[in-house]
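*Asks:* Dumping the structure here so I can ask a few things about it.
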Amino acid sequence: MIMNLRFRPAYGAALIALLLASCAGQTSLDGSGAISNAPASSLYTLTAASAGPITSATAYGSGTIKSLFPGRRTQAVQIADDERTVYALAVFEDGLQTIAVEPNNTNSAIVAVHGLGPGVAGPQGERIGMTFDEVGMSSSRCHAGQQLWAGMPICTANGAQNVTLVFDPGPGNAGKPGQLPSRGAIGKSKLTRIVWTPVR
């Protein structure tokens, strides 16, 4: 089983390195530090209305998810948010885990879609690997993680109240649980996850 490692501040840089290493040969970093060589037309964009082909009306189910991503491999994985680890159905793009679809406790509905790889973009074109400052985020739109993402900036995306951007400031730079790191550390934090929540 492929597992998404839990984001703990002490391991933030290592996790970023693992993500970027897994992309070697397919993606690269441009001068800004953002993963950038996937053409925009190939991205799954997470907006207020949808997460790629997934909308608020999409029912959870492996058959349904597979039909929305034809030709893509899907597999059950374990992912983490700030409070817990859960099982989800991941979609792979060219061998890389790109999206993970999280169901509710009864596997009857989608509660979140996690954008994890270079094939996803946020509502304003945000890409995994971009810094907080490159995204143009304001700390007033953020709160600090409490548990698994302790001290990490968790921010509401510009233009989409139901899209969350999770940034990792790197080892030694995260704030205490519930406390944002210094402004300098926030600005250099790297975007590690884009989370879409359906609005019903």
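The way I read the labels, and the way they are meant: chains A, B, ... in the order of the structure tokens, residue 1 as the first residue of every chain, and ligand 1 as the first ligand shown, with later ones counted on from there.
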Show me, as an mmCIF file with N, CA and C atoms, in the first residue's frame, the residues that have an atom within 7 Å of stretch 126-129 of chain A when counting only C-alpha atoms, minus same-chain residues fewer than 2 positions from it.

*Replies:*
```
data_model
loop_
_atom_site.group_PDB
_atom_site.id
_atom_site.type_symbol
_atom_site.label_atom_id
_atom_site.label_comp_id
_atom_site.auth_asym_id
_atom_site.auth_seq_id
_atom_site.Cartn_x
_atom_site.Cartn_y
_atom_site.Cartn_z
ATOM 1 N N GLY A 33 11.161 28.368 -7.968
ATOM 2 C CA GLY A 33 11.032 27.258 -7.041
ATOM 3 C C GLY A 33 9.729 26.501 -7.209
ATOM 4 N N ALA A 34 8.888 26.922 -8.146
ATOM 5 C CA ALA A 34 7.602 26.257 -8.344
ATOM 6 C C ALA A 34 7.714 25.168 -9.396
ATOM 7 N N ILE A 35 7.050 24.055 -9.167
ATOM 8 C CA ILE A 35 6.989 23.002 -10.171
ATOM 9 C C ILE A 35 6.183 23.548 -11.342
ATOM 10 N N GLY A 117 0.160 16.439 -6.020
ATOM 11 C CA GLY A 117 1.306 16.364 -6.917
ATOM 12 C C GLY A 117 1.372 17.483 -7.927
ATOM 13 N N PRO A 118 2.339 17.417 -8.827
ATOM 14 C CA PRO A 118 2.556 18.488 -9.795
ATOM 15 C C PRO A 118 1.459 18.611 -10.843
ATOM 16 N N VAL A 120 -1.683 19.136 -10.269
ATOM 17 C CA VAL A 120 -2.840 19.886 -9.769
ATOM 18 C C VAL A 120 -2.497 21.366 -9.647
ATOM 19 N N ALA A 121 -3.539 22.179 -9.672
ATOM 20 C CA ALA A 121 -3.387 23.621 -9.483
ATOM 21 C C ALA A 121 -4.543 24.129 -8.644
ATOM 22 N N GLY A 122 -4.295 25.207 -7.916
ATOM 23 C CA GLY A 122 -5.333 25.840 -7.123
ATOM 24 C C GLY A 122 -6.135 26.818 -7.956
ATOM 25 N N PRO A 123 -7.108 27.490 -7.350
ATOM 26 C CA PRO A 123 -8.025 28.363 -8.090
ATOM 27 C C PRO A 123 -7.350 29.562 -8.752
ATOM 28 N N GLN A 124 -6.203 29.985 -8.243
ATOM 29 C CA GLN A 124 -5.465 31.101 -8.829
ATOM 30 C C GLN A 124 -4.179 30.626 -9.506
ATOM 31 N N THR A 131 6.123 28.990 -3.081
ATOM 32 C CA THR A 131 6.208 29.531 -1.730
ATOM 33 C C THR A 131 4.962 30.357 -1.420
ATOM 34 N N VAL A 135 2.681 32.597 -4.051
ATOM 35 C CA VAL A 135 1.234 32.437 -4.188
ATOM 36 C C VAL A 135 0.520 33.775 -3.979
ATOM 37 N N LYS A 190 6.627 26.306 1.757
ATOM 38 C CA LYS A 190 6.292 25.696 0.473
ATOM 39 C C LYS A 190 4.891 25.083 0.510
ATOM 40 N N LEU A 191 4.158 25.280 -0.561
ATOM 41 C CA LEU A 191 2.830 24.686 -0.688
ATOM 42 C C LEU A 191 2.986 23.181 -0.868
ATOM 43 N N THR A 192 2.391 22.410 0.045
ATOM 44 C CA THR A 192 2.529 20.957 0.003
ATOM 45 C C THR A 192 1.222 20.239 -0.328
ATOM 46 N N ARG A 193 0.098 20.944 -0.175
ATOM 47 C CA ARG A 193 -1.191 20.286 -0.423
ATOM 48 C C ARG A 193 -2.260 21.331 -0.708
#
```

*Asks:* Counting only C-alpha atoms, what is within 8 Å of stretch 155-157 of chain A, bar same-chain residues fewer than 2 positions away, as a PyMOL selection string?

*Replies:* chain A and resi 122-123+137+139+141-143+153+159-166

*Asks:* Using only C-alpha atoms, determine which residues lie at most 7 Å from A:Asn173, disregarding the query and same-chain residues fewer than 4 positions distant; provide the list as a list in words.

*Replies:*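 Within the cut-off, the hits are Pro169, Pro181 and Ala185 of chain A.
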
*Asks:* For those residues, write N, CA and C atoms to a file as an mmCIF file, in the first residue's frame.

*Replies:*
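Heads up, here's the output in part22.cif:
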```cif
data_model
loop_
_atom_site.group_PDB
_atom_site.id
_atom_site.type_symbol
_atom_site.label_atom_id
_atom_site.label_comp_id
_atom_site.auth_asym_id
_atom_site.auth_seq_id
_atom_site.Cartn_x
_atom_site.Cartn_y
_atom_site.Cartn_z
ATOM 1 N N PRO A 169 6.704 25.287 6.472
ATOM 2 C CA PRO A 169 7.817 26.222 6.612
ATOM 3 C C PRO A 169 9.181 25.556 6.744
ATOM 4 N N PRO A 181 4.213 30.452 12.397
ATOM 5 C CA PRO A 181 5.629 30.818 12.500
ATOM 6 C C PRO A 181 5.834 32.302 12.210
ATOM 7 N N ALA A 185 9.458 33.201 8.032
ATOM 8 C CA ALA A 185 9.343 31.762 7.791
ATOM 9 C C ALA A 185 8.096 31.444 6.981
#
```

*Asks:* Find, counting only C-alpha atoms, the residue in A:Ser62, A:Gln146, A:Asn158, A:Gln97 that gets nearest to A:Pro177.

*Replies:*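 Closest candidate: A:Gln146.
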
*Asks:* So what do you get for atom CA of A:Ser50 versus atom CA of A:Asn107, distance-wise?

*Replies:*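 Taking atom CA of A:Ser50 and atom CA of A:Asn107, their separation equals 19.4 Å.
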
*Asks:* Any idea what's packed within 12 Å of A:Ile54, counting only C-alpha atoms, ignoring anything in its chain fewer than 5 positions away? Could you give it as a list in words?

*Replies:* Tyr44, Thr45, Leu46, Thr47, Ala48, Ala49, Ala59, Tyr60, Gly61, Thr64, Ile65, Lys66, Ser67, Leu68, Phe69, Ile99, Ala100, Val101, Glu102, Ala109, Ile110, Val111, Ala112, Val113, His114, Trp196, Thr197, Pro198 and Val199 of chain A

*Asks:* Only C-alpha atoms, please: the residues just picked out, written as a PDB file, in the first residue's frame.

*Replies:*
```pdb
ATOM      1  CA  TYR A  44      -6.555  19.141 -12.530  1.00  0.00           C
ATOM      2  CA  THR A  45      -7.613  22.533 -11.170  1.00  0.00           C
ATOM      3  CA  LEU A  46      -9.243  22.789  -7.752  1.00  0.00           C
ATOM      4  CA  THR A  47     -11.692  25.696  -7.764  1.00  0.00           C
ATOM      5  CA  ALA A  48     -14.720  26.664  -5.708  1.00  0.00           C
ATOM      6  CA  ALA A  49     -16.932  24.625  -8.047  1.00  0.00           C
ATOM      7  CA  ALA A  59     -20.869  10.246  -5.393  1.00  0.00           C
ATOM      8  CA  TYR A  60     -17.997   8.392  -3.769  1.00  0.00           C
ATOM      9  CA  GLY A  61     -17.104   5.008  -5.205  1.00  0.00           C
ATOM     10  CA  THR A  64     -17.238   6.462 -10.205  1.00  0.00           C
ATOM     11  CA  ILE A  65     -13.774   7.879  -9.560  1.00  0.00           C
ATOM     12  CA  LYS A  66     -12.177   5.596 -12.159  1.00  0.00           C
ATOM     13  CA  SER A  67     -14.717   6.689 -14.755  1.00  0.00           C
ATOM     14  CA  LEU A  68     -13.828  10.341 -14.150  1.00  0.00           C
ATOM     15  CA  PHE A  69     -10.111   9.659 -14.653  1.00  0.00           C
ATOM     16  CA  ILE A  99      -5.207  13.417  -6.261  1.00  0.00           C
ATOM     17  CA  ALA A 100      -6.610  11.568  -3.243  1.00  0.00           C
ATOM     18  CA  VAL A 101     -10.373  11.395  -2.805  1.00  0.00           C
ATOM     19  CA  GLU A 102     -11.429  11.164   0.838  1.00  0.00           C
ATOM     20  CA  ALA A 109     -19.973  10.651  -0.072  1.00  0.00           C
ATOM     21  CA  ILE A 110     -16.838  12.648  -0.799  1.00  0.00           C
ATOM     22  CA  VAL A 111     -15.741  14.884   2.051  1.00  0.00           C
ATOM     23  CA  ALA A 112     -12.530  16.233   0.503  1.00  0.00           C
ATOM     24  CA  VAL A 113     -10.224  15.991  -2.485  1.00  0.00           C
ATOM     25  CA  HIS A 114      -6.525  16.410  -1.747  1.00  0.00           C
ATOM     26  CA  TRP A 196     -11.030  21.009  -1.922  1.00  0.00           C
ATOM     27  CA  THR A 197     -14.184  20.538   0.143  1.00  0.00           C
ATOM     28  CA  PRO A 198     -17.485  20.110  -1.708  1.00  0.00           C
ATOM     29  CA  VAL A 199     -20.203  22.654  -0.968  1.00  0.00           C
TER      30      VAL A 199
END
```

*Asks:* Rank nothing, just name the residue among A:Ala51, A:Phe92, A:Pro70, A:Ser140 nearest to A:Arg183, using only C-alpha atoms.

*Replies:* A:Ser140

*Asks:* Considering only C-alpha atoms, return as a list in words whatever protein or nucleic-acid residues lie within 8 Å of A:Gly151, sequence-local ones (same chain, fewer than 6 positions apart) excluded.

*Replies:* Pro9, Ala144, Gly145, Ala174, Gly175, Lys176, Pro177, Gly178, Gln179, Leu180 and Pro181 of chain A

*Asks:* Please return, as a PyMOL selection string, all residues of stretch 35-164 of chain A that DSSP assigns to strand (DSSP E) on the basis of the backbone.

*Replies:* chain A and resi 44-45+50-51+54-55+73-80+85-93+96-103+110-115+120-121+142-144+153-156+163-164

*Asks:* Write the selection just made, keeping C-alpha atoms, as a PDB file, in the first residue's frame?

*Replies:*
```pdb
ATOM      1  CA  TYR A  44      -6.555  19.141 -12.530  1.00  0.00           C
ATOM      2  CA  THR A  45      -7.613  22.533 -11.170  1.00  0.00           C
ATOM      3  CA  SER A  50     -14.918  21.459  -8.591  1.00  0.00           C
ATOM      4  CA  ALA A  51     -11.742  19.465  -8.122  1.00  0.00           C
ATOM      5  CA  ILE A  54     -15.175  15.966  -9.388  1.00  0.00           C
ATOM      6  CA  THR A  55     -18.083  18.174  -8.346  1.00  0.00           C
ATOM      7  CA  ARG A  73      -4.384   4.140 -12.111  1.00  0.00           C
ATOM      8  CA  THR A  74      -6.319   4.349  -8.848  1.00  0.00           C
ATOM      9  CA  GLN A  75      -5.355   2.774  -5.551  1.00  0.00           C
ATOM     10  CA  ALA A  76      -6.363   2.897  -1.894  1.00  0.00           C
ATOM     11  CA  VAL A  77      -3.893   4.938   0.160  1.00  0.00           C
ATOM     12  CA  GLN A  78      -3.645   6.371   3.633  1.00  0.00           C
ATOM     13  CA  ILE A  79      -3.459  10.148   3.957  1.00  0.00           C
ATOM     14  CA  ALA A  80      -3.300  12.569   6.859  1.00  0.00           C
ATOM     15  CA  THR A  85      -5.097   9.654   9.148  1.00  0.00           C
ATOM     16  CA  VAL A  86      -7.757   8.245   6.830  1.00  0.00           C
ATOM     17  CA  TYR A  87      -8.033   5.952   3.852  1.00  0.00           C
ATOM     18  CA  ALA A  88      -8.694   7.514   0.471  1.00  0.00           C
ATOM     19  CA  LEU A  89      -8.707   6.580  -3.200  1.00  0.00           C
ATOM     20  CA  ALA A  90      -5.692   8.039  -4.982  1.00  0.00           C
ATOM     21  CA  VAL A  91      -5.434   8.849  -8.675  1.00  0.00           C
ATOM     22  CA  PHE A  92      -2.006   8.492 -10.276  1.00  0.00           C
ATOM     23  CA  GLU A  93      -0.794  10.531 -13.231  1.00  0.00           C
ATOM     24  CA  LEU A  96       2.784   9.969  -9.535  1.00  0.00           C
ATOM     25  CA  GLN A  97       0.083  10.308  -6.892  1.00  0.00           C
ATOM     26  CA  THR A  98      -1.803  13.425  -7.947  1.00  0.00           C
ATOM     27  CA  ILE A  99      -5.207  13.417  -6.261  1.00  0.00           C
ATOM     28  CA  ALA A 100      -6.610  11.568  -3.243  1.00  0.00           C
ATOM     29  CA  VAL A 101     -10.373  11.395  -2.805  1.00  0.00           C
ATOM     30  CA  GLU A 102     -11.429  11.164   0.838  1.00  0.00           C
ATOM     31  CA  PRO A 103     -14.795   9.559   1.675  1.00  0.00           C
ATOM     32  CA  ILE A 110     -16.838  12.648  -0.799  1.00  0.00           C
ATOM     33  CA  VAL A 111     -15.741  14.884   2.051  1.00  0.00           C
ATOM     34  CA  ALA A 112     -12.530  16.233   0.503  1.00  0.00           C
ATOM     35  CA  VAL A 113     -10.224  15.991  -2.485  1.00  0.00           C
ATOM     36  CA  HIS A 114      -6.525  16.410  -1.747  1.00  0.00           C
ATOM     37  CA  GLY A 115      -4.284  17.748  -4.511  1.00  0.00           C
ATOM     38  CA  VAL A 120      -2.840  19.886  -9.769  1.00  0.00           C
ATOM     39  CA  ALA A 121      -3.387  23.621  -9.483  1.00  0.00           C
ATOM     40  CA  CYS A 142      -4.419  31.463   7.598  1.00  0.00           C
ATOM     41  CA  HIS A 143      -4.510  29.620  10.879  1.00  0.00           C
ATOM     42  CA  ALA A 144      -1.892  27.331  12.360  1.00  0.00           C
ATOM     43  CA  PRO A 153       0.076  27.712   7.849  1.00  0.00           C
ATOM     44  CA  ILE A 154      -3.315  26.354   6.718  1.00  0.00           C
ATOM     45  CA  CYS A 155      -4.878  28.989   4.500  1.00  0.00           C
ATOM     46  CA  THR A 156      -8.107  29.704   2.677  1.00  0.00           C
ATOM     47  CA  VAL A 163     -10.195  25.399  -1.066  1.00  0.00           C
ATOM     48  CA  THR A 164      -7.435  25.174   1.528  1.00  0.00           C
TER      49      THR A 164
END
```
